[in-house]
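Remarks on the structure that follows.
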Amino acid sequence: MIVWSEVFNLVQNKPLKKNEMSEIEEVEEIDKGVEDEPFIIQYNMNASFRIVLEFPCLKDLLEHWDIIEDAGHTCKRLKEFNVKFHKADISLDLRNAHTTCDFEIEDYL
């Protein structure tokens, strides 16, 4: 289970308490791989409405990928996405804890 306050502490380079280390090690195991690898998927609600979601880790991407495909949509993994240069009707950065707490994938299916 990802505890967002602990992830935020890692991002901010704040020292962690000893009792927090075991949970952080679990998060690091999930996120192993290429450090700069983006976790971005794109799918179309219909022929003309495109949604792009960026996740903090591969585990979250795969969970949402299955939900989206079970709803009958086809997903595509992107190597990069830039809102200024790429086209999407909705683009959500779910690496941000504030965005994630209000996000329900069912609202976008």
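Chain lettering (A, B, ...) mirrors the order of the structure tokens, residue numbering begins at 1 for each chain separately, and ligand numbering begins at 1 in order of display.
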
Would you mind listing what lies within 9 Å of region 76-85 of chain A as a PDB file with N, CA and C atoms, in the first residue's frame, with only C-alpha atoms counted and same-chain residues fewer than 6 positions away left out?
```pdb
ATOM      1  N   GLU A  37      11.633   6.266 -16.583  1.00  0.00           N
ATOM      2  CA  GLU A  37      10.586   5.682 -17.419  1.00  0.00           C
ATOM      3  C   GLU A  37       9.224   6.246 -17.040  1.00  0.00           C
ATOM      4  N   PRO A  38       8.512   6.839 -17.998  1.00  0.00           N
ATOM      5  CA  PRO A  38       7.181   7.366 -17.688  1.00  0.00           C
ATOM      6  C   PRO A  38       6.139   6.251 -17.680  1.00  0.00           C
ATOM      7  N   PHE A  39       5.103   6.417 -16.889  1.00  0.00           N
ATOM      8  CA  PHE A  39       4.014   5.454 -16.804  1.00  0.00           C
ATOM      9  C   PHE A  39       2.755   6.148 -17.323  1.00  0.00           C
ATOM     10  N   ILE A  40       2.644   6.221 -18.655  1.00  0.00           N
ATOM     11  CA  ILE A  40       1.589   6.991 -19.305  1.00  0.00           C
ATOM     12  C   ILE A  40       0.779   6.068 -20.211  1.00  0.00           C
ATOM     13  N   ILE A  41      -0.549   6.175 -20.106  1.00  0.00           N
ATOM     14  CA  ILE A  41      -1.412   5.444 -21.034  1.00  0.00           C
ATOM     15  C   ILE A  41      -2.390   6.407 -21.690  1.00  0.00           C
ATOM     16  N   GLN A  42      -2.826   6.009 -22.878  1.00  0.00           N
ATOM     17  CA  GLN A  42      -3.791   6.789 -23.638  1.00  0.00           C
ATOM     18  C   GLN A  42      -4.895   5.842 -24.091  1.00  0.00           C
ATOM     19  N   TYR A  43      -6.122   6.314 -24.042  1.00  0.00           N
ATOM     20  CA  TYR A  43      -7.232   5.545 -24.595  1.00  0.00           C
ATOM     21  C   TYR A  43      -8.293   6.513 -25.101  1.00  0.00           C
ATOM     22  N   VAL A  52      -5.551  10.868 -21.608  1.00  0.00           N
ATOM     23  CA  VAL A  52      -4.181  10.471 -21.272  1.00  0.00           C
ATOM     24  C   VAL A  52      -4.031  10.542 -19.755  1.00  0.00           C
ATOM     25  N   GLU A  54      -1.221   9.784 -16.536  1.00  0.00           N
ATOM     26  CA  GLU A  54       0.161   9.503 -16.136  1.00  0.00           C
ATOM     27  C   GLU A  54       0.160   9.049 -14.686  1.00  0.00           C
ATOM     28  N   SER A  91      -6.168  15.274 -19.907  1.00  0.00           N
ATOM     29  CA  SER A  91      -4.853  14.781 -19.502  1.00  0.00           C
ATOM     30  C   SER A  91      -4.741  14.940 -17.994  1.00  0.00           C
TER      31      SER A  91
END
```

Name the closest residue to Glu104 (chain A) among the candidates A:Leu53, A:Cys75, A:Ala88, A:Met45; distances are taken between atoms, counting only C-alpha atoms.
-> A:Leu53
